[in-house]
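What follows is one structure encoded as structure tokens, with my remarks underneath.
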Amino acid sequence: MTAEGSRELDDAMLTVMSAGASADVVSDYLIAHSTPADDVLRDLAAETLQRFPDAAGMQVSPDEAALITMLVRLVGARTAVEVGVFTGYSGLCIARALQPGGRLLACDVSEEWTSVARRYWERAGVADRIDLRIGPALDTLRTLAPDPVVDIAFVDADKTGYPLYVQHLYPRMRANGVVLLDNTLRGGHVLEPRSDDDRAIAGLNDALVRDPRWETVLLPLADGLTMLRKR
Ligand SMILES: C[S@@+](CC[C@H](N)C(=O)[O-])C[C@H]1O[C@@H](n2cnc3c(N)ncnc32)[C@H](O)[C@@H]1O
């Protein structure tokens, strides 16, 4: 594509992203046409919104959750890692899609938020396949043997930490293993970064697409979901 064409694409992207109303309509349509959340997930979302209204927006959207669930199944994952649990919505999706005997290592710093996760994981019958580690995720990842056994990882935590999460996940992913990175559009601010979080993600997006170790796709779902396949 020419530089002119690329500029036009950037302009179009900014227009779509700043057109809040139409983006919401499209987003509602996507959710309405993806496999719906079940009662457990709906109750979890409702309790999260009621108890933590200011933070509830951190939860993955139902369409993104449906995609993550499908990807875990398609990969045939037995070993999964999640960085950023919050109240457990995406963790529940990952855990229930694992192969029999599969395990999810779930990392978060908050006892309060993850206490909600634990309850819903129990209710969904997946608590026994999740190893929740409270503490900085980087410390937890560093404790993992550098064996290439992880089938899928989902990263949805502090944005400035993403480059190091990817770096520490890389040797632990099996060949063809998939790493998913959430919020890689930053509401469109990757085009004009305004914060350290924006700059961290914009820089990582630029680096990943040039990195021969990964095959990379950035999907415009929710706030951007990057899929990395280890070559
Ligand atoms: C966007 S939320 C995760 C949402 C979750 N994936 C979901 O769908 O409900 C980000 C989470 O990352 C956690 N977090 C932030 N910094 C962290 C760190 N350094 N290590 C581990 N977890 C961290 C926060 O406590 C928060 O629960």
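Labels for the structure tokens follow display order: chains A, B, ..., residues from 1 in each chain, ligands from 1.
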
- Contacts to ligand 1 at 9 Å cut-off (only C-alpha atoms and all ligand atoms) as a VMD selection string: chain A and resid 45 48 55 to 61 65 82 to 92 106 to 111 113 to 114 117 133 to 140 154 to 159 161 182 to 183

For the selection you just gave me, I'd like the residues written to a file as a compact mmCIF listing (two decimals), in the first residue's frame, keeping N, CA and C atoms.
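Contents of the output file out_17.txt:
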```
# COMPACT_ATOMS: atom_id res chain seq x y z
N ALA A 45 -20.74 -11.38 35.36
CA ALA A 45 -20.67 -10.02 34.82
C ALA A 45 -21.56 -9.08 35.63
N THR A 48 -19.97 -8.40 39.02
CA THR A 48 -18.79 -7.52 38.85
C THR A 48 -19.24 -6.07 38.66
N ALA A 55 -14.58 -0.52 37.77
CA ALA A 55 -13.56 -1.40 37.18
C ALA A 55 -14.17 -2.41 36.21
N ALA A 56 -15.49 -2.52 36.20
CA ALA A 56 -16.14 -3.60 35.44
C ALA A 56 -15.80 -3.57 33.95
N GLY A 57 -15.47 -2.39 33.45
CA GLY A 57 -15.13 -2.26 32.02
C GLY A 57 -13.87 -3.03 31.66
N MET A 58 -13.13 -3.49 32.67
CA MET A 58 -11.89 -4.25 32.38
C MET A 58 -12.20 -5.66 31.88
N GLN A 59 -13.43 -6.12 32.19
CA GLN A 59 -13.80 -7.48 31.80
C GLN A 59 -13.82 -7.63 30.28
N VAL A 60 -13.42 -8.79 29.78
CA VAL A 60 -13.52 -8.99 28.32
C VAL A 60 -14.99 -8.97 27.91
N SER A 61 -15.24 -8.54 26.69
CA SER A 61 -16.61 -8.50 26.18
C SER A 61 -17.05 -9.92 25.80
N ALA A 65 -14.82 -13.03 24.55
CA ALA A 65 -14.79 -14.25 25.36
C ALA A 65 -15.13 -15.48 24.50
N GLU A 82 -2.87 -17.34 32.07
CA GLU A 82 -3.57 -16.05 31.96
C GLU A 82 -2.85 -15.03 32.82
N VAL A 83 -2.59 -13.86 32.24
CA VAL A 83 -1.99 -12.75 32.98
C VAL A 83 -3.05 -11.67 33.09
N GLY A 84 -3.64 -11.51 34.27
CA GLY A 84 -4.72 -10.54 34.47
C GLY A 84 -6.06 -11.23 34.57
N VAL A 85 -6.46 -11.55 35.80
CA VAL A 85 -7.65 -12.37 36.05
C VAL A 85 -8.88 -11.52 36.33
N PHE A 86 -8.69 -10.46 37.14
CA PHE A 86 -9.80 -9.62 37.61
C PHE A 86 -10.83 -10.52 38.32
N THR A 87 -12.10 -10.52 37.90
CA THR A 87 -13.08 -11.36 38.60
C THR A 87 -13.31 -12.70 37.89
N GLY A 88 -12.45 -13.02 36.94
CA GLY A 88 -12.41 -14.40 36.47
C GLY A 88 -13.16 -14.74 35.21
N TYR A 89 -13.67 -13.75 34.50
CA TYR A 89 -14.51 -14.04 33.33
C TYR A 89 -13.72 -14.76 32.23
N SER A 90 -12.62 -14.15 31.79
CA SER A 90 -11.85 -14.79 30.72
C SER A 90 -11.21 -16.08 31.22
N GLY A 91 -10.81 -16.10 32.50
CA GLY A 91 -10.22 -17.33 33.05
C GLY A 91 -11.20 -18.49 33.01
N LEU A 92 -12.46 -18.19 33.31
CA LEU A 92 -13.49 -19.23 33.25
C LEU A 92 -13.65 -19.75 31.82
N ALA A 106 -3.21 -18.97 36.47
CA ALA A 106 -3.84 -17.65 36.39
C ALA A 106 -3.12 -16.68 37.33
N CYS A 107 -2.71 -15.54 36.80
CA CYS A 107 -1.87 -14.60 37.57
C CYS A 107 -2.61 -13.28 37.80
N ASP A 108 -2.60 -12.81 39.03
CA ASP A 108 -3.16 -11.49 39.33
C ASP A 108 -2.57 -11.01 40.66
N VAL A 109 -2.69 -9.70 40.89
CA VAL A 109 -2.18 -9.13 42.13
C VAL A 109 -3.28 -8.90 43.17
N SER A 110 -4.53 -9.03 42.79
CA SER A 110 -5.64 -8.63 43.67
C SER A 110 -6.34 -9.83 44.31
N GLU A 111 -6.27 -9.89 45.65
CA GLU A 111 -7.03 -10.91 46.39
C GLU A 111 -8.52 -10.61 46.29
N TRP A 113 -10.43 -8.92 43.99
CA TRP A 113 -11.09 -9.22 42.72
C TRP A 113 -11.10 -10.73 42.45
N THR A 114 -9.98 -11.39 42.74
CA THR A 114 -9.92 -12.82 42.41
C THR A 114 -10.72 -13.69 43.38
N ALA A 117 -13.60 -14.36 41.44
CA ALA A 117 -13.25 -15.36 40.42
C ALA A 117 -13.33 -16.77 41.01
N ARG A 133 -2.30 -17.69 41.11
CA ARG A 133 -1.11 -17.17 41.83
C ARG A 133 -1.29 -15.68 42.04
N ILE A 134 -1.29 -15.27 43.30
CA ILE A 134 -1.40 -13.85 43.62
C ILE A 134 0.00 -13.26 43.76
N GLY A 135 0.26 -12.23 42.97
CA GLY A 135 1.57 -11.57 42.98
C GLY A 135 1.83 -11.04 41.59
N PRO A 136 2.86 -10.20 41.45
CA PRO A 136 3.17 -9.69 40.12
C PRO A 136 3.38 -10.83 39.12
N ALA A 137 2.70 -10.74 38.00
CA ALA A 137 2.72 -11.85 37.04
C ALA A 137 4.13 -12.18 36.55
N LEU A 138 4.96 -11.14 36.46
CA LEU A 138 6.32 -11.39 35.98
C LEU A 138 7.06 -12.32 36.94
N ASP A 139 6.86 -12.11 38.24
CA ASP A 139 7.51 -12.99 39.22
C ASP A 139 7.01 -14.42 39.03
N THR A 140 5.70 -14.56 38.79
CA THR A 140 5.14 -15.91 38.61
C THR A 140 5.69 -16.55 37.34
N PHE A 154 -3.12 -15.86 27.56
CA PHE A 154 -3.93 -14.66 27.37
C PHE A 154 -3.38 -13.59 28.30
N VAL A 155 -2.97 -12.46 27.72
CA VAL A 155 -2.37 -11.37 28.50
C VAL A 155 -3.32 -10.19 28.51
N ASP A 156 -3.75 -9.80 29.71
CA ASP A 156 -4.75 -8.73 29.85
C ASP A 156 -4.52 -8.04 31.20
N ALA A 157 -3.32 -7.48 31.39
CA ALA A 157 -2.98 -6.84 32.67
C ALA A 157 -2.35 -5.48 32.39
N ASP A 158 -1.41 -5.07 33.26
CA ASP A 158 -0.75 -3.77 33.11
C ASP A 158 -0.08 -3.68 31.74
N LYS A 159 -0.42 -2.62 31.02
CA LYS A 159 -0.01 -2.55 29.61
C LYS A 159 1.49 -2.37 29.44
N GLY A 161 3.66 -3.70 31.06
CA GLY A 161 4.31 -4.99 31.32
C GLY A 161 4.28 -5.94 30.12
N ASP A 182 -4.52 -8.55 24.84
CA ASP A 182 -5.74 -7.74 24.78
C ASP A 182 -5.42 -6.24 24.77
N ASN A 183 -6.36 -5.48 24.24
CA ASN A 183 -6.28 -4.00 24.24
C ASN A 183 -5.13 -3.47 23.39
```

- Message: For Arg78 (chain A), find every residue with an atom within 12 Å (counting only C-alpha atoms), except residues of its own chain fewer than 2 positions away, and show them as number ranges by chain.
- Response: A: 72-76, 80-81, 94-105, 129-130, 149-153, 174, 177

- Return as a PyMOL selection string the full set of residues in region 55-137 of chain A whose backbone-based DSSP assignment is helix (DSSP H, G or I). chain A and resi 56-58+62-75+89-97+111-124+127-129+137

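You will find CA of Ile68 (chain A) at 7.1 Å from CA of Cys93 (chain A).
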
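Proximity of A:Glu112, A:Asp63, A:Asp39, A:Leu204 to Ala222 (chain A), computed with only C-alpha atoms, is greatest for A:Asp63.
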
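Shortest atom-to-atom contact with Leu185 (chain A) among A:Thr226, A:Gln50, A:Thr216, A:Ser22: A:Thr226, counting only C-alpha atoms.
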
From the DSSP assignment of the backbone, select every residue of region 83-161 of chain A that is strand (DSSP E or B), and format the answer as a compact mmCIF listing (two decimals) with C-alpha atoms, in the first residue's frame.
```txt
# COMPACT_ATOMS: atom_id res chain seq x y z
CA VAL A 83 -1.99 -12.75 32.98
CA ARG A 103 -4.50 -26.73 33.63
CA LEU A 104 -4.69 -22.94 33.69
CA LEU A 105 -2.08 -20.92 35.56
CA ALA A 106 -3.84 -17.65 36.39
CA CYS A 107 -1.87 -14.60 37.57
CA ASP A 108 -3.16 -11.49 39.33
CA ILE A 130 -6.97 -23.48 37.84
CA ASP A 131 -3.82 -22.58 39.74
CA LEU A 132 -4.33 -18.95 40.86
CA ARG A 133 -1.11 -17.17 41.83
CA ILE A 134 -1.40 -13.85 43.62
CA VAL A 150 2.29 -23.75 27.14
CA ASP A 151 -0.36 -24.13 24.43
CA ILE A 152 -2.12 -20.80 24.84
CA ALA A 153 -1.66 -17.65 26.91
CA PHE A 154 -3.93 -14.66 27.37
CA VAL A 155 -2.37 -11.37 28.50
```

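What separates CA of Val126 (chain A) from CA of Pro62 (chain A) is a distance of 18.9 Å.
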
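You can rank A:Val25, A:Phe52, A:Thr35, A:Leu41 by their closest distance to Met70 (chain A) using only C-alpha atoms, and at the top of that list sits A:Thr35.
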
- Note on the structure: Using only C-alpha atoms, the residue out of A:Arg142, A:Arg186, A:Leu71, A:Ser34 with shortest distance to Asp198 (chain A) is A:Arg186

Neighbour list for Ile201 (chain A) as a PDB file with N, CA and C atoms, in the first residue's frame, cut-off 12 Å, only C-alpha atoms, skip fewer than 5 positions in-chain:
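Saved as part-v9.pdb:
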```pdb
ATOM      1  N   ASP A 156      -3.753  -9.801  29.710  1.00  0.00           N
ATOM      2  CA  ASP A 156      -4.748  -8.732  29.855  1.00  0.00           C
ATOM      3  C   ASP A 156      -4.518  -8.039  31.201  1.00  0.00           C
ATOM      4  N   ALA A 157      -3.316  -7.480  31.391  1.00  0.00           N
ATOM      5  CA  ALA A 157      -2.984  -6.841  32.669  1.00  0.00           C
ATOM      6  C   ALA A 157      -2.354  -5.480  32.394  1.00  0.00           C
ATOM      7  N   ASP A 158      -1.409  -5.071  33.260  1.00  0.00           N
ATOM      8  CA  ASP A 158      -0.750  -3.775  33.114  1.00  0.00           C
ATOM      9  C   ASP A 158      -0.081  -3.677  31.744  1.00  0.00           C
ATOM     10  N   LYS A 159      -0.424  -2.621  31.015  1.00  0.00           N
ATOM     11  CA  LYS A 159      -0.009  -2.546  29.606  1.00  0.00           C
ATOM     12  C   LYS A 159       1.495  -2.368  29.442  1.00  0.00           C
ATOM     13  N   THR A 160       2.132  -1.626  30.361  1.00  0.00           N
ATOM     14  CA  THR A 160       3.577  -1.431  30.217  1.00  0.00           C
ATOM     15  C   THR A 160       4.339  -2.739  30.469  1.00  0.00           C
ATOM     16  N   GLY A 161       3.658  -3.700  31.062  1.00  0.00           N
ATOM     17  CA  GLY A 161       4.308  -4.988  31.317  1.00  0.00           C
ATOM     18  C   GLY A 161       4.278  -5.935  30.125  1.00  0.00           C
ATOM     19  N   TYR A 162       3.453  -5.636  29.116  1.00  0.00           N
ATOM     20  CA  TYR A 162       3.272  -6.582  28.010  1.00  0.00           C
ATOM     21  C   TYR A 162       4.579  -7.032  27.344  1.00  0.00           C
ATOM     22  N   PRO A 163       5.501  -6.090  27.026  1.00  0.00           N
ATOM     23  CA  PRO A 163       6.733  -6.562  26.348  1.00  0.00           C
ATOM     24  C   PRO A 163       7.461  -7.638  27.151  1.00  0.00           C
ATOM     25  N   LEU A 164       7.522  -7.456  28.475  1.00  0.00           N
ATOM     26  CA  LEU A 164       8.215  -8.467  29.284  1.00  0.00           C
ATOM     27  C   LEU A 164       7.399  -9.748  29.400  1.00  0.00           C
ATOM     28  N   VAL A 166       5.507 -10.980  27.069  1.00  0.00           N
ATOM     29  CA  VAL A 166       5.741 -11.701  25.802  1.00  0.00           C
ATOM     30  C   VAL A 166       7.135 -12.331  25.817  1.00  0.00           C
ATOM     31  N   LEU A 181      -2.988 -11.097  23.099  1.00  0.00           N
ATOM     32  CA  LEU A 181      -2.729  -9.847  23.834  1.00  0.00           C
ATOM     33  C   LEU A 181      -3.955  -8.952  23.699  1.00  0.00           C
ATOM     34  N   ASP A 182      -4.525  -8.550  24.836  1.00  0.00           N
ATOM     35  CA  ASP A 182      -5.744  -7.743  24.778  1.00  0.00           C
ATOM     36  C   ASP A 182      -5.419  -6.243  24.769  1.00  0.00           C
ATOM     37  N   ASN A 183      -6.359  -5.481  24.244  1.00  0.00           N
ATOM     38  CA  ASN A 183      -6.278  -4.004  24.243  1.00  0.00           C
ATOM     39  C   ASN A 183      -5.131  -3.466  23.392  1.00  0.00           C
ATOM     40  N   THR A 184      -4.856  -4.120  22.287  1.00  0.00           N
ATOM     41  CA  THR A 184      -3.722  -3.682  21.471  1.00  0.00           C
ATOM     42  C   THR A 184      -4.087  -2.571  20.481  1.00  0.00           C
ATOM     43  N   LEU A 185      -5.324  -2.072  20.554  1.00  0.00           N
ATOM     44  CA  LEU A 185      -5.653  -0.845  19.808  1.00  0.00           C
ATOM     45  C   LEU A 185      -5.718   0.370  20.734  1.00  0.00           C
ATOM     46  N   ARG A 186      -5.879   0.118  22.035  1.00  0.00           N
ATOM     47  CA  ARG A 186      -5.928   1.222  23.008  1.00  0.00           C
ATOM     48  C   ARG A 186      -6.960   2.283  22.571  1.00  0.00           C
ATOM     49  N   GLY A 187      -8.132   1.814  22.162  1.00  0.00           N
ATOM     50  CA  GLY A 187      -9.177   2.760  21.761  1.00  0.00           C
ATOM     51  C   GLY A 187      -8.766   3.632  20.576  1.00  0.00           C
ATOM     52  N   GLY A 188      -7.820   3.173  19.799  1.00  0.00           N
ATOM     53  CA  GLY A 188      -7.329   3.928  18.641  1.00  0.00           C
ATOM     54  C   GLY A 188      -6.085   4.754  18.955  1.00  0.00           C
ATOM     55  N   HIS A 189      -5.717   4.851  20.229  1.00  0.00           N
ATOM     56  CA  HIS A 189      -4.586   5.717  20.606  1.00  0.00           C
ATOM     57  C   HIS A 189      -3.234   5.160  20.207  1.00  0.00           C
ATOM     58  N   VAL A 190      -3.199   3.902  19.717  1.00  0.00           N
ATOM     59  CA  VAL A 190      -1.912   3.424  19.178  1.00  0.00           C
ATOM     60  C   VAL A 190      -1.479   4.270  17.985  1.00  0.00           C
ATOM     61  N   LEU A 191      -2.463   4.931  17.336  1.00  0.00           N
ATOM     62  CA  LEU A 191      -2.121   5.788  16.193  1.00  0.00           C
ATOM     63  C   LEU A 191      -1.512   7.107  16.641  1.00  0.00           C
ATOM     64  N   GLU A 192      -1.956   7.579  17.794  1.00  0.00           N
ATOM     65  CA  GLU A 192      -1.420   8.820  18.369  1.00  0.00           C
ATOM     66  C   GLU A 192      -1.284   8.617  19.875  1.00  0.00           C
ATOM     67  N   PRO A 193      -0.237   7.933  20.290  1.00  0.00           N
ATOM     68  CA  PRO A 193      -0.115   7.580  21.718  1.00  0.00           C
ATOM     69  C   PRO A 193      -0.112   8.804  22.626  1.00  0.00           C
ATOM     70  N   ARG A 194      -0.867   8.695  23.727  1.00  0.00           N
ATOM     71  CA  ARG A 194      -0.968   9.822  24.669  1.00  0.00           C
ATOM     72  C   ARG A 194      -0.427   9.481  26.050  1.00  0.00           C
ATOM     73  N   SER A 195      -0.292   8.197  26.333  1.00  0.00           N
ATOM     74  CA  SER A 195       0.100   7.789  27.685  1.00  0.00           C
ATOM     75  C   SER A 195       1.198   6.739  27.598  1.00  0.00           C
ATOM     76  N   ASP A 196       1.784   6.420  28.748  1.00  0.00           N
ATOM     77  CA  ASP A 196       2.805   5.364  28.771  1.00  0.00           C
ATOM     78  C   ASP A 196       2.215   4.038  28.305  1.00  0.00           C
ATOM     79  N   ASP A 206       4.558  -2.549  16.925  1.00  0.00           N
ATOM     80  CA  ASP A 206       5.571  -2.336  15.876  1.00  0.00           C
ATOM     81  C   ASP A 206       6.650  -3.415  15.929  1.00  0.00           C
ATOM     82  N   ALA A 207       7.065  -3.756  17.145  1.00  0.00           N
ATOM     83  CA  ALA A 207       8.146  -4.738  17.286  1.00  0.00           C
ATOM     84  C   ALA A 207       7.678  -6.135  16.889  1.00  0.00           C
ATOM     85  N   LEU A 208       6.469  -6.491  17.276  1.00  0.00           N
ATOM     86  CA  LEU A 208       5.999  -7.857  17.025  1.00  0.00           C
ATOM     87  C   LEU A 208       5.864  -8.149  15.544  1.00  0.00           C
ATOM     88  N   LEU A 218      -3.395  -8.719  14.179  1.00  0.00           N
ATOM     89  CA  LEU A 218      -4.080  -7.828  15.120  1.00  0.00           C
ATOM     90  C   LEU A 218      -5.548  -7.733  14.683  1.00  0.00           C
ATOM     91  N   ASP A 223     -11.261  -4.063  21.994  1.00  0.00           N
ATOM     92  CA  ASP A 223     -10.259  -2.997  21.969  1.00  0.00           C
ATOM     93  C   ASP A 223      -8.976  -3.451  21.273  1.00  0.00           C
ATOM     94  N   GLY A 224      -9.126  -4.431  20.390  1.00  0.00           N
ATOM     95  CA  GLY A 224      -7.959  -4.965  19.697  1.00  0.00           C
ATOM     96  C   GLY A 224      -7.432  -6.197  20.401  1.00  0.00           C
ATOM     97  N   LEU A 225      -7.325  -7.284  19.649  1.00  0.00           N
ATOM     98  CA  LEU A 225      -6.797  -8.530  20.199  1.00  0.00           C
ATOM     99  C   LEU A 225      -5.716  -9.015  19.238  1.00  0.00           C
ATOM    100  N   THR A 226      -4.483  -9.050  19.733  1.00  0.00           N
ATOM    101  CA  THR A 226      -3.381  -9.552  18.910  1.00  0.00           C
ATOM    102  C   THR A 226      -3.201 -11.043  19.140  1.00  0.00           C
TER     103      THR A 226
END
```

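Among the candidates A:Glu122, A:Asp211, A:Asp147, A:Glu64, the residue lying nearest to Thr79 (chain A) is A:Asp147 (atoms considered: only C-alpha atoms).
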
- Task: Find the spatial neighbours of Leu228 (chain A), counting only C-alpha atoms, within a cut-off of 7 Å - ignore same-chain residues fewer than 3 positions away - and output them as an NGL selection string.
- Result: :A and (178-180 or 214-217)

Limited to N, CA and C atoms, could you put the picked residues into a file as a PDB file, in the first residue's frame?
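Saved file selection_29.pdb follows:
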```pdb
ATOM      1  N   VAL A 178      -0.100 -20.294  20.960  1.00  0.00           N
ATOM      2  CA  VAL A 178      -0.696 -18.989  20.655  1.00  0.00           C
ATOM      3  C   VAL A 178      -0.691 -18.094  21.894  1.00  0.00           C
ATOM      4  N   VAL A 179      -0.217 -16.870  21.715  1.00  0.00           N
ATOM      5  CA  VAL A 179      -0.323 -15.855  22.764  1.00  0.00           C
ATOM      6  C   VAL A 179      -1.327 -14.811  22.294  1.00  0.00           C
ATOM      7  N   LEU A 180      -2.292 -14.495  23.149  1.00  0.00           N
ATOM      8  CA  LEU A 180      -3.301 -13.470  22.855  1.00  0.00           C
ATOM      9  C   LEU A 180      -3.020 -12.260  23.725  1.00  0.00           C
ATOM     10  N   TRP A 214       7.510 -14.779  15.617  1.00  0.00           N
ATOM     11  CA  TRP A 214       6.050 -14.850  15.776  1.00  0.00           C
ATOM     12  C   TRP A 214       5.358 -14.596  14.437  1.00  0.00           C
ATOM     13  N   GLU A 215       4.257 -15.296  14.216  1.00  0.00           N
ATOM     14  CA  GLU A 215       3.301 -14.905  13.176  1.00  0.00           C
ATOM     15  C   GLU A 215       2.242 -14.069  13.903  1.00  0.00           C
ATOM     16  N   THR A 216       1.914 -12.906  13.331  1.00  0.00           N
ATOM     17  CA  THR A 216       1.132 -11.921  14.084  1.00  0.00           C
ATOM     18  C   THR A 216      -0.105 -11.463  13.326  1.00  0.00           C
ATOM     19  N   VAL A 217      -1.232 -11.440  14.027  1.00  0.00           N
ATOM     20  CA  VAL A 217      -2.460 -10.848  13.477  1.00  0.00           C
ATOM     21  C   VAL A 217      -3.072  -9.960  14.548  1.00  0.00           C
TER      22      VAL A 217
END
```

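Going from CA of Arg42 (chain A) over to CA of Ser115 (chain A), you cover 17.2 Å.
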
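Of the listed residues A:Leu169, A:Ala127, A:Val116, A:Ala46, the one whose atoms come nearest to Leu141 (chain A) is A:Leu169, with distances taken using only C-alpha atoms.
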